[in-house]
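These notes concern the structure reproduced below.
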Amino acid sequence: MKKHVVCFGDSNTHGYCAQTNGRFDEEQRWPCLLAKKLGDDFLIIEEGLSGRTTCFDDPIHEGLRGLDSIYSCLMSHEPVDLLILMLGTNDTKERFGSSAACIALGLKRLAEKAAAVKDAWRDGEANILIVVPQNIAPEYAQTDIALTMGRGCAEKSEQLAFEFRKIADLLGCHFLDANEVVSDGPNDVDFMHLTLEGHRQLADALEGEVREILM
């Protein structure tokens, strides 16, 4: 049986392309690239949703709390061998009023709920890889996206790696900081989404991580 890897994230997992306001295609998105690199022994499942948060309710759009959908997601794709969680960018929005430390607590809550879905995990044992998203560049504040993201997002995003590592260590999750493996970007339109090269670099890094975890 193939090893099932669920990629649970936001627009940077869905593959949002800032240049077109559309989506990168199946030859470009990091989950698809990861699937090709890992080969036929793996089933890589894309579960990216633009705007998704760890646990915060968005007053503008419904259905974006990862906490509300992680149970059904995992049960839909059972048996799950690995869950890749890459969230936190949307949690920095000013309207949530949350610090990096509180965003990390939201991630902790999400990861704990995922681990508790015993029936979804192969052999009943949770296996989670926490990925810190690429930092929002300070230049975002000079773009239209700042009108909805609000103030302070870049500063908070830079603090996520420190806070997320503490959560990964506390819960016994695997850990990867995308900022250490993605040297390109973010893009020069909104300064918060991965470029084509960024998707490629992330897929390259995750291939090694997934093989080490599951092989």
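Each chain of the structure tokens is named A, B, ... in the order shown, its residues numbered from 1; ligands are numbered from 1 in display order.
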
**Report entry** Selection near Ala168 in chain A, 10 Å with only C-alpha atoms, sequence-local residues under 2 positions removed, as a PyMOL selection string
**Finding:** chain A and resi 104+107-108+111+128-131+163-166+170-176

Can you write out as CSV which residues of range 105-151 of chain A fall within 12 Å of range 14-38 of chain A, alongside each residue's closest atom pair and its distance in Å to one decimal, counting only C-alpha atoms and ordering rows by chain and ascending residue number?
residue,atom,partner,partner_atom,distance
A:Thr143,CA,A:Ala18,CA,11.9
A:Asp144,CA,A:Ala18,CA,11.9
A:Ile145,CA,A:Ala18,CA,10.6

Output file for the selection above: N, CA, C and O atoms, as a compact mmCIF listing (two decimals), in the first residue's frame:
# COMPACT_ATOMS: atom_id res chain seq x y z
N THR A 143 1.86 47.41 -0.33
CA THR A 143 1.02 46.85 -1.38
C THR A 143 -0.45 46.88 -0.96
O THR A 143 -0.78 47.12 0.20
N ASP A 144 -1.33 46.58 -1.91
CA ASP A 144 -2.76 46.55 -1.63
C ASP A 144 -3.14 45.48 -0.60
O ASP A 144 -4.14 45.62 0.10
N ILE A 145 -2.34 44.42 -0.53
CA ILE A 145 -2.66 43.33 0.40
C ILE A 145 -2.64 43.81 1.84
O ILE A 145 -3.33 43.26 2.72

Requested in this report: Figure out the distance between CA of Ser11 in chain A and CA of Gly185 in chain A, please, to one decimal in Å.
Outcome: 15.2 Å

Query raised in the report: What residues in range 100-212 of chain A get the DSSP label strand (DSSP E)? Please answer as a ChimeraX atom specification.
Result: /A:128-132,174-177

Requested in this report: Could you please determine the separation between CA of Lys2 in chain A and CA of Arg122 in chain A in Å, to one decimal place?
Outcome: 11.5 Å

**Report entry** Minimum-distance residue to Ala126 in chain A, chosen among A:Glu155, A:Asp68, A:Glu207, A:Glu78 (using only C-alpha atoms)
**Finding:** A:Glu78

Query raised in the report: Between A:Gly124, A:Gly63, A:Gly97, A:Pro133, which has the minimum distance to Pro186 in chain A (counting only C-alpha atoms)?
Result: A:Pro133

**Report entry** Residue with smallest distance to Thr13 in chain A - pool A:Glu125, A:Asp119, A:Glu46, A:Glu180, counting only C-alpha atoms
**Finding:** A:Glu46

Would you mind listing what lies within 10 Å of Trp121 in chain A as a CSV table (one decimal) with N, CA and C atoms, in the first residue's frame, with only C-alpha atoms counted and same-chain residues fewer than 5 positions away left out?
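Below is the file result-v4.csv, written as the result:
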chain,number,residue,atom,x,y,z
A,4,HIS,N,0.5,7.4,2.7
A,4,HIS,CA,-0.4,8.6,2.5
A,4,HIS,C,0.2,9.8,3.3
A,74,LEU,N,-8.5,14.3,7.8
A,74,LEU,CA,-7.7,13.1,8.1
A,74,LEU,C,-8.5,11.8,7.9
A,75,MET,N,-9.8,11.8,8.3
A,75,MET,CA,-10.6,10.6,8.1
A,75,MET,C,-10.9,10.4,6.7
A,77,HIS,N,-8.8,10.7,4.3
A,77,HIS,CA,-7.7,10.2,3.6
A,77,HIS,C,-7.0,9.0,4.4
A,78,GLU,N,-7.7,8.5,5.4
A,78,GLU,CA,-7.1,7.4,6.2
A,78,GLU,C,-6.8,6.2,5.3
A,79,PRO,N,-5.8,5.4,5.6
A,79,PRO,CA,-4.9,5.6,6.7
A,79,PRO,C,-3.8,6.6,6.4
A,80,VAL,N,-3.5,7.5,7.3
A,80,VAL,CA,-2.5,8.6,7.1
A,80,VAL,C,-1.2,8.2,7.7
A,81,ASP,N,-0.1,8.3,7.0
A,81,ASP,CA,1.2,8.0,7.5
A,81,ASP,C,1.9,9.3,8.0
A,82,LEU,N,1.6,10.4,7.3
A,82,LEU,CA,2.3,11.7,7.7
A,82,LEU,C,1.4,12.8,7.4
A,83,LEU,N,1.3,13.8,8.3
A,83,LEU,CA,0.5,15.0,8.1
A,83,LEU,C,1.6,16.1,8.1
A,114,ALA,N,-5.3,16.9,15.7
A,114,ALA,CA,-5.0,15.9,14.6
A,114,ALA,C,-4.4,14.6,15.2
A,115,ALA,N,-3.6,14.7,16.2
A,115,ALA,CA,-3.0,13.5,16.8
A,115,ALA,C,-4.1,12.7,17.5
A,116,ALA,N,-5.2,13.3,17.9
A,116,ALA,CA,-6.2,12.6,18.7
A,116,ALA,C,-7.2,11.9,17.7
A,126,ALA,N,0.1,9.0,15.7
A,126,ALA,CA,0.2,10.3,14.9
A,126,ALA,C,1.7,10.5,14.5
A,127,ASN,N,1.8,11.1,13.3
A,127,ASN,CA,3.1,11.4,12.7
A,127,ASN,C,3.0,12.8,12.0

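One distance worth recording is that between CA of Val117 in chain A and CA of Cys73 in chain A, which is 10.3 Å.
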
Could you build a table of the residues in range 77-175 of chain A lying no more than 8 Å from range 189-205 of chain A, giving for each the nearest pair of atoms and their separation in Å rounded to one decimal place, using only C-alpha atoms, ordered by chain and ascending residue number, as JSON lines?
{"residue": "A:Gln134", "atom": "CA", "partner": "A:Leu194", "partner_atom": "CA", "distance": 7.6}
{"residue": "A:Asn135", "atom": "CA", "partner": "A:Met192", "partner_atom": "CA", "distance": 7.1}
{"residue": "A:Ile136", "atom": "CA", "partner": "A:Met192", "partner_atom": "CA", "distance": 4.6}
{"residue": "A:Ala137", "atom": "CA", "partner": "A:Phe191", "partner_atom": "CA", "distance": 5.3}
{"residue": "A:Pro138", "atom": "CA", "partner": "A:Phe191", "partner_atom": "CA", "distance": 7.7}
{"residue": "A:Glu139", "atom": "CA", "partner": "A:Phe191", "partner_atom": "CA", "distance": 6.3}
{"residue": "A:Tyr140", "atom": "CA", "partner": "A:Phe191", "partner_atom": "CA", "distance": 5.1}
{"residue": "A:Thr143", "atom": "CA", "partner": "A:Asp190", "partner_atom": "CA", "distance": 6.2}
{"residue": "A:Asp144", "atom": "CA", "partner": "A:Asp190", "partner_atom": "CA", "distance": 7.7}
{"residue": "A:Ile145", "atom": "CA", "partner": "A:Asp190", "partner_atom": "CA", "distance": 6.3}

Requested in this report: Please provide as a ChimeraX atom specification all residues within 10 Å of Gly150 in chain A, with the sequence filter that same-chain residues fewer than 5 positions apart are discarded (counting only C-alpha atoms).
Outcome: /A:92-96,140-141,145

Requested in this report: Select from chain A everything DSSP, run on the backbone, classes as helix (DSSP H, G or I), then give the selection as a ChimeraX atom specification.
Outcome: /A:11-14,30-38,66-76,90-92,94-96,100-116,118-120,122-124,138-142,146-149,153-171,178-180,196-214

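The residue that comes closest to Ala178 in chain A, out of A:Ala146, A:Ile70, A:Val210, A:Leu160 and on the basis of only C-alpha atoms, is A:Leu160.
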